[in-house]
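> Contents of input_17.pdb (PDB, C-alpha atoms, pLDDT in the B column):
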ATOM      1  CA  MET A   1       4.278   9.485 -45.346  1.00 46.00           C
ATOM      2  CA  SER A   2       3.366  10.664 -41.883  1.00 43.00           C
ATOM      3  CA  SER A   3       2.825   8.347 -39.004  1.00 45.00           C
ATOM      4  CA  LYS A   4       0.877   9.182 -35.898  1.00 41.00           C
ATOM      5  CA  PRO A   5       2.980   9.335 -32.770  1.00 40.00           C
ATOM      6  CA  LYS A   6       2.136   6.561 -30.360  1.00 39.00           C
ATOM      7  CA  ALA A   7       0.914   7.536 -26.941  1.00 38.00           C
ATOM      8  CA  THR A   8       3.246   6.183 -24.330  1.00 41.00           C
ATOM      9  CA  VAL A   9       1.974   5.234 -20.933  1.00 45.00           C
ATOM     10  CA  LYS A  10       4.497   5.091 -18.172  1.00 55.00           C
ATOM     11  CA  SER A  11       4.054   1.804 -16.393  1.00 60.00           C
ATOM     12  CA  ILE A  12       5.190   0.867 -12.925  1.00 66.00           C
ATOM     13  CA  SER A  13       4.820  -2.645 -11.674  1.00 75.00           C
ATOM     14  CA  SER A  14       3.288  -2.888  -8.270  1.00 82.00           C
ATOM     15  CA  CYS A  15       5.379  -4.773  -5.752  1.00 91.00           C
ATOM     16  CA  ASN A  16       4.471  -8.090  -4.233  1.00 95.00           C
ATOM     17  CA  TRP A  17       6.050  -9.063  -0.911  1.00 95.00           C
ATOM     18  CA  ALA A  18       6.215 -12.236   1.147  1.00 96.00           C
ATOM     19  CA  ILE A  19       3.637 -11.983   3.916  1.00 97.00           C
ATOM     20  CA  GLU A  20       6.448 -12.237   6.512  1.00 96.00           C
ATOM     21  CA  GLN A  21       7.760  -8.864   5.329  1.00 96.00           C
ATOM     22  CA  LEU A  22       4.547  -6.993   6.109  1.00 96.00           C
ATOM     23  CA  PRO A  23       5.148  -4.948   9.282  1.00 95.00           C
ATOM     24  CA  GLY A  24       3.174  -5.604  12.448  1.00 90.00           C
ATOM     25  CA  LEU A  25       2.270  -9.258  11.892  1.00 94.00           C
ATOM     26  CA  SER A  26       3.223 -11.702  14.616  1.00 95.00           C
ATOM     27  CA  GLN A  27       4.555 -15.126  13.669  1.00 96.00           C
ATOM     28  CA  GLN A  28       1.216 -16.614  14.739  1.00 96.00           C
ATOM     29  CA  GLU A  29      -0.687 -14.233  12.430  1.00 95.00           C
ATOM     30  CA  GLN A  30       1.699 -14.991   9.558  1.00 96.00           C
ATOM     31  CA  PHE A  31       1.151 -18.708  10.138  1.00 96.00           C
ATOM     32  CA  GLN A  32      -2.645 -18.252  10.198  1.00 96.00           C
ATOM     33  CA  LEU A  33      -2.563 -16.343   6.902  1.00 97.00           C
ATOM     34  CA  GLN A  34      -0.293 -18.948   5.326  1.00 96.00           C
ATOM     35  CA  ASN A  35      -2.726 -21.682   6.417  1.00 95.00           C
ATOM     36  CA  CYS A  36      -5.406 -19.811   4.446  1.00 94.00           C
ATOM     37  CA  GLY A  37      -3.164 -19.850   1.371  1.00 96.00           C
ATOM     38  CA  ILE A  38      -2.053 -16.237   1.816  1.00 97.00           C
ATOM     39  CA  THR A  39       1.712 -16.171   1.408  1.00 97.00           C
ATOM     40  CA  THR A  40       2.129 -12.800  -0.346  1.00 97.00           C
ATOM     41  CA  THR A  41       0.748  -9.288  -0.100  1.00 97.00           C
ATOM     42  CA  GLU A  42      -0.863  -9.757  -3.515  1.00 96.00           C
ATOM     43  CA  ALA A  43      -2.719 -12.848  -2.271  1.00 97.00           C
ATOM     44  CA  LEU A  44      -3.884 -10.864   0.775  1.00 97.00           C
ATOM     45  CA  LEU A  45      -5.191  -8.085  -1.473  1.00 96.00           C
ATOM     46  CA  GLN A  46      -7.005 -10.633  -3.649  1.00 96.00           C
ATOM     47  CA  GLN A  47      -8.664 -12.360  -0.691  1.00 96.00           C
ATOM     48  CA  GLY A  48      -9.484  -9.044   0.983  1.00 97.00           C
ATOM     49  CA  LYS A  49     -10.829  -7.119  -2.019  1.00 96.00           C
ATOM     50  CA  THR A  50     -14.227  -6.182  -0.608  1.00 97.00           C
ATOM     51  CA  PRO A  51     -15.493  -5.479   2.905  1.00 97.00           C
ATOM     52  CA  ALA A  52     -17.419  -8.775   2.740  1.00 98.00           C
ATOM     53  CA  ASP A  53     -14.209 -10.625   1.753  1.00 98.00           C
ATOM     54  CA  ARG A  54     -12.329  -9.060   4.673  1.00 98.00           C
ATOM     55  CA  LEU A  55     -15.114  -9.990   7.103  1.00 98.00           C
ATOM     56  CA  ALA A  56     -15.101 -13.574   5.807  1.00 97.00           C
ATOM     57  CA  LEU A  57     -11.326 -13.735   6.234  1.00 97.00           C
ATOM     58  CA  ALA A  58     -11.531 -12.327   9.775  1.00 97.00           C
ATOM     59  CA  ASN A  59     -14.161 -14.954  10.643  1.00 97.00           C
ATOM     60  CA  LYS A  60     -12.056 -17.719   9.096  1.00 96.00           C
ATOM     61  CA  LEU A  61      -9.007 -16.594  11.087  1.00 95.00           C
ATOM     62  CA  GLN A  62     -11.156 -15.972  14.183  1.00 95.00           C
ATOM     63  CA  ILE A  63      -9.711 -12.509  14.687  1.00 96.00           C
ATOM     64  CA  HIS A  64     -11.176  -9.019  14.844  1.00 97.00           C
ATOM     65  CA  LEU A  65     -11.983  -7.400  11.497  1.00 98.00           C
ATOM     66  CA  GLN A  66      -9.820  -4.356  12.299  1.00 97.00           C
ATOM     67  CA  TYR A  67      -6.677  -6.505  12.038  1.00 97.00           C
ATOM     68  CA  VAL A  68      -7.588  -7.768   8.572  1.00 97.00           C
ATOM     69  CA  ASN A  69      -8.460  -4.209   7.472  1.00 98.00           C
ATOM     70  CA  LYS A  70      -5.076  -3.001   8.741  1.00 97.00           C
ATOM     71  CA  TRP A  71      -3.178  -5.795   6.981  1.00 97.00           C
ATOM     72  CA  VAL A  72      -4.989  -5.174   3.697  1.00 97.00           C
ATOM     73  CA  ALA A  73      -4.248  -1.425   3.960  1.00 98.00           C
ATOM     74  CA  LEU A  74      -0.550  -2.150   4.611  1.00 98.00           C
ATOM     75  CA  ALA A  75      -0.427  -4.597   1.672  1.00 97.00           C
ATOM     76  CA  ASP A  76      -2.106  -2.013  -0.567  1.00 97.00           C
ATOM     77  CA  LEU A  77       0.412   0.703   0.326  1.00 98.00           C
ATOM     78  CA  ALA A  78       3.339  -1.728   0.057  1.00 97.00           C
ATOM     79  CA  ARG A  79       2.462  -2.185  -3.653  1.00 95.00           C
ATOM     80  CA  ILE A  80       4.070   1.180  -4.381  1.00 96.00           C
ATOM     81  CA  PRO A  81       7.744   0.555  -5.256  1.00 94.00           C
ATOM     82  CA  GLY A  82       9.143   3.545  -3.331  1.00 95.00           C
ATOM     83  CA  ILE A  83       7.131   2.663  -0.225  1.00 97.00           C
ATOM     84  CA  GLY A  84       7.323  -1.113   0.004  1.00 95.00           C
ATOM     85  CA  THR A  85       7.262  -2.667   3.436  1.00 96.00           C
ATOM     86  CA  GLN A  86       9.652  -0.027   4.772  1.00 95.00           C
ATOM     87  CA  TYR A  87       7.247   2.928   4.780  1.00 97.00           C
ATOM     88  CA  CYS A  88       3.739   1.414   4.511  1.00 97.00           C
ATOM     89  CA  GLY A  89       3.326   1.393   8.310  1.00 96.00           C
ATOM     90  CA  LEU A  90       4.430   5.015   8.609  1.00 96.00           C
ATOM     91  CA  LEU A  91       1.902   6.085   5.973  1.00 97.00           C
ATOM     92  CA  LEU A  92      -0.888   4.112   7.645  1.00 97.00           C
ATOM     93  CA  HIS A  93      -0.120   5.728  11.003  1.00 96.00           C
ATOM     94  CA  ALA A  94      -0.132   9.128   9.277  1.00 96.00           C
ATOM     95  CA  GLY A  95      -3.714   8.480   8.153  1.00 96.00           C
ATOM     96  CA  ILE A  96      -3.146   7.180   4.613  1.00 97.00           C
ATOM     97  CA  GLY A  97      -5.087   3.919   4.254  1.00 96.00           C
ATOM     98  CA  SER A  98      -4.884   3.159   0.532  1.00 96.00           C
ATOM     99  CA  VAL A  99      -3.022   3.817  -2.689  1.00 96.00           C
ATOM    100  CA  THR A 100      -6.028   5.834  -3.887  1.00 96.00           C
ATOM    101  CA  GLN A 101      -5.876   8.063  -0.809  1.00 97.00           C
ATOM    102  CA  LEU A 102      -2.122   8.486  -1.275  1.00 97.00           C
ATOM    103  CA  ALA A 103      -2.616   9.543  -4.900  1.00 96.00           C
ATOM    104  CA  THR A 104      -5.211  12.169  -3.973  1.00 96.00           C
ATOM    105  CA  THR A 105      -3.674  13.649  -0.809  1.00 97.00           C
ATOM    106  CA  PRO A 106      -1.842  16.940  -1.418  1.00 97.00           C
ATOM    107  CA  ILE A 107       1.900  16.312  -1.182  1.00 97.00           C
ATOM    108  CA  HIS A 108       2.700  19.171   1.198  1.00 97.00           C
ATOM    109  CA  ARG A 109      -0.102  18.162   3.567  1.00 97.00           C
ATOM    110  CA  LEU A 110       1.080  14.541   3.569  1.00 97.00           C
ATOM    111  CA  TYR A 111       4.673  15.596   4.150  1.00 97.00           C
ATOM    112  CA  GLN A 112       3.602  17.729   7.149  1.00 97.00           C
ATOM    113  CA  GLN A 113       1.601  14.789   8.576  1.00 97.00           C
ATOM    114  CA  LEU A 114       4.611  12.486   8.215  1.00 97.00           C
ATOM    115  CA  LEU A 115       6.981  15.020   9.722  1.00 97.00           C
ATOM    116  CA  ARG A 116       4.703  15.585  12.747  1.00 97.00           C
ATOM    117  CA  LEU A 117       4.359  11.835  13.271  1.00 96.00           C
ATOM    118  CA  VAL A 118       8.084  11.079  12.995  1.00 96.00           C
ATOM    119  CA  VAL A 119       9.070  13.938  15.299  1.00 96.00           C
ATOM    120  CA  ALA A 120       6.375  13.044  17.841  1.00 96.00           C
ATOM    121  CA  THR A 121       7.228   9.350  17.952  1.00 95.00           C
ATOM    122  CA  MET A 122      10.983   9.272  17.350  1.00 93.00           C
ATOM    123  CA  GLN A 123      11.999  12.780  18.387  1.00 94.00           C
ATOM    124  CA  ARG A 124      14.071  12.990  15.198  1.00 93.00           C
ATOM    125  CA  ARG A 125      13.373  15.071  12.146  1.00 93.00           C
ATOM    126  CA  ASP A 126      16.092  13.412  10.051  1.00 94.00           C
ATOM    127  CA  LEU A 127      14.229  10.077   9.979  1.00 93.00           C
ATOM    128  CA  CYS A 128      11.313  11.582   8.071  1.00 95.00           C
ATOM    129  CA  PRO A 129      11.131  10.806   4.355  1.00 96.00           C
ATOM    130  CA  SER A 130      12.039  13.822   2.234  1.00 97.00           C
ATOM    131  CA  ILE A 131       9.473  15.893   0.356  1.00 97.00           C
ATOM    132  CA  GLU A 132      11.013  14.471  -2.849  1.00 97.00           C
ATOM    133  CA  GLN A 133      10.288  10.923  -1.652  1.00 97.00           C
ATOM    134  CA  VAL A 134       6.708  11.860  -0.834  1.00 97.00           C
ATOM    135  CA  LYS A 135       6.308  13.382  -4.323  1.00 97.00           C
ATOM    136  CA  GLN A 136       7.710  10.206  -5.847  1.00 97.00           C
ATOM    137  CA  TRP A 137       5.269   8.045  -3.832  1.00 97.00           C
ATOM    138  CA  SER A 138       2.341  10.165  -4.955  1.00 97.00           C
ATOM    139  CA  GLN A 139       3.403   9.956  -8.593  1.00 96.00           C
ATOM    140  CA  GLN A 140       3.998   6.208  -8.368  1.00 96.00           C
ATOM    141  CA  ALA A 141       0.567   5.766  -6.738  1.00 96.00           C
ATOM    142  CA  LYS A 142      -1.087   7.644  -9.609  1.00 95.00           C
ATOM    143  CA  THR A 143       0.829   5.569 -12.160  1.00 94.00           C
ATOM    144  CA  VAL A 144      -0.007   2.250 -10.456  1.00 92.00           C
ATOM    145  CA  LEU A 145      -3.678   3.228 -10.271  1.00 91.00           C
ATOM    146  CA  GLY A 146      -3.667   4.234 -13.945  1.00 88.00           C
ATOM    147  CA  THR A 147      -2.004   0.969 -14.967  1.00 74.00           C
ATOM    148  CA  GLN A 148      -4.483  -1.003 -12.854  1.00 74.00           C
ATOM    149  CA  GLU A 149      -7.429   0.869 -14.380  1.00 65.00           C
ATOM    150  CA  MET A 150      -6.127   0.174 -17.886  1.00 59.00           C
ATOM    151  CA  ARG A 151      -5.835  -3.553 -17.103  1.00 62.00           C
ATOM    152  CA  GLU A 152      -9.364  -3.644 -15.692  1.00 65.00           C
ATOM    153  CA  ASN A 153     -10.720  -1.939 -18.814  1.00 62.00           C
ATOM    154  CA  ASN A 154      -8.808  -4.367 -21.078  1.00 55.00           C
ATOM    155  CA  PHE A 155      -6.654  -1.751 -22.787  1.00 50.00           C
TER     156      PHE A 155
END
So that I can check it, write out the structure of this file as structure tokens.

Amino acid sequence: MSSKPKATVKSISSCNWAIEQLPGLSQQEQFQLQNCGITTTEALLQQGKTPADRLALANKLQIHLQYVNKWVALADLARIPGIGTQYCGLLLHAGIGSVTQLATTPIHRLYQQLLRLVVATMQRRDLCPSIEQVKQWSQQAKTVLGTQEMRENNF
């Protein structure tokens, strides 16, 4: 009796953070988001899914759209376990604005961008994430996107 081997899909849970942990938000901005019922990064991603949603949120908060776009991008990147709220700002400043972009950017190019940014801003090479970390982020991004796609397709 032969049984077919089951396909295994590696699954990584995306992280959800308290809105206070997202870098770059003032206490006033955190309070405004909380008043709109946004207390976590997941809630921010849900309420800022589409450009129209982000515009509506910016109007509701009476702030410029670019701030909402930035916060949504940070929340998106923070979903990746190896990145979290510690490195999402660094990636955004290096030109990576989404998990999808992270998953498709060549690792060596991204590492060079990060290294240039860290050296230019902090004058220290040792504070740059290692190439191994960048590889891990890319792999985790691909896995999170695959898991998300499976959920959306009801697999």
> For the PyMOL selection byres ((chain A and resi 121-129) around 12), applied here, can you spell out every residue it catches as a compact mmCIF listing (two decimals) with C-alpha atoms, keeping the file's coordinate frame?

# COMPACT_ATOMS: atom_id res chain seq x y z
CA GLY A 82 9.14 3.54 -3.33
CA ILE A 83 7.13 2.66 -0.22
CA GLN A 86 9.65 -0.03 4.77
CA TYR A 87 7.25 2.93 4.78
CA CYS A 88 3.74 1.41 4.51
CA LEU A 90 4.43 5.01 8.61
CA LEU A 91 1.90 6.08 5.97
CA HIS A 93 -0.12 5.73 11.00
CA ALA A 94 -0.13 9.13 9.28
CA LEU A 110 1.08 14.54 3.57
CA TYR A 111 4.67 15.60 4.15
CA GLN A 112 3.60 17.73 7.15
CA GLN A 113 1.60 14.79 8.58
CA LEU A 114 4.61 12.49 8.22
CA LEU A 115 6.98 15.02 9.72
CA ARG A 116 4.70 15.58 12.75
CA LEU A 117 4.36 11.84 13.27
CA VAL A 118 8.08 11.08 13.00
CA VAL A 119 9.07 13.94 15.30
CA ALA A 120 6.38 13.04 17.84
CA SER A 130 12.04 13.82 2.23
CA ILE A 131 9.47 15.89 0.36
CA GLU A 132 11.01 14.47 -2.85
CA GLN A 133 10.29 10.92 -1.65
CA VAL A 134 6.71 11.86 -0.83
CA LYS A 135 6.31 13.38 -4.32
CA GLN A 136 7.71 10.21 -5.85
CA TRP A 137 5.27 8.04 -3.83
> Given the file shown, determine the residues that the PyMOL selection byres ((chain A and resi 142) around 12) selects; report them as number ranges by chain.
A: 9-12, 14, 80, 98-105, 135-141, 143-149
> In Å, how far is it from atom CA of A:Asn59 to atom CA of A:Gln28?
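Atom-to-atom, atom CA of A:Asn59 to atom CA of A:Gln28, that is 16.0 Å.
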> Please provide as a list in words all residues within 12 Å of A:Asp53, with the sequence filter that same-chain residues fewer than 5 positions apart are discarded (counting only C-alpha atoms).
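What passes the distance filter is Leu44, Leu45, Gln46, Gln47, Gly48, Ala58, Asn59, Lys60, Leu65, Val68, Asn69 and Val72 of chain A.
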> Nearest to A:Gly97 among A:Ile63, A:Ala73, A:Cys36, A:Ala78, with distances taken over only C-alpha atoms: which residue is it?
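The shortest atom-to-atom distance to A:Gly97 comes from A:Ala73.
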> Please measure the separation of atom CA of A:Asn16 and atom CA of A:Pro106, giving the value in Å to one decimal.
26.0 Å
> Given the file above and the PyMOL selection byres ((chain A and resi 19) around 8), which residues are selected, and can you give them as a list in words?
Trp17, Ala18, Glu20, Gln21, Leu22, Gln30, Ile38, Thr39, Thr40 and Thr41 of chain A
> Quick one, how far is atom CA of A:Asn35 from atom CA of A:Leu77?
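Calculated distance between atom CA of A:Asn35 and atom CA of A:Leu77 is 23.4 Å.
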> So that I can see what lies close to A:Pro23, please list as a list in words the residues with an atom at most 8 Å from it, counting only C-alpha atoms and leaving out residues fewer than 5 positions away in the same chain.
Leu74, Thr85 and Gly89 of chain A
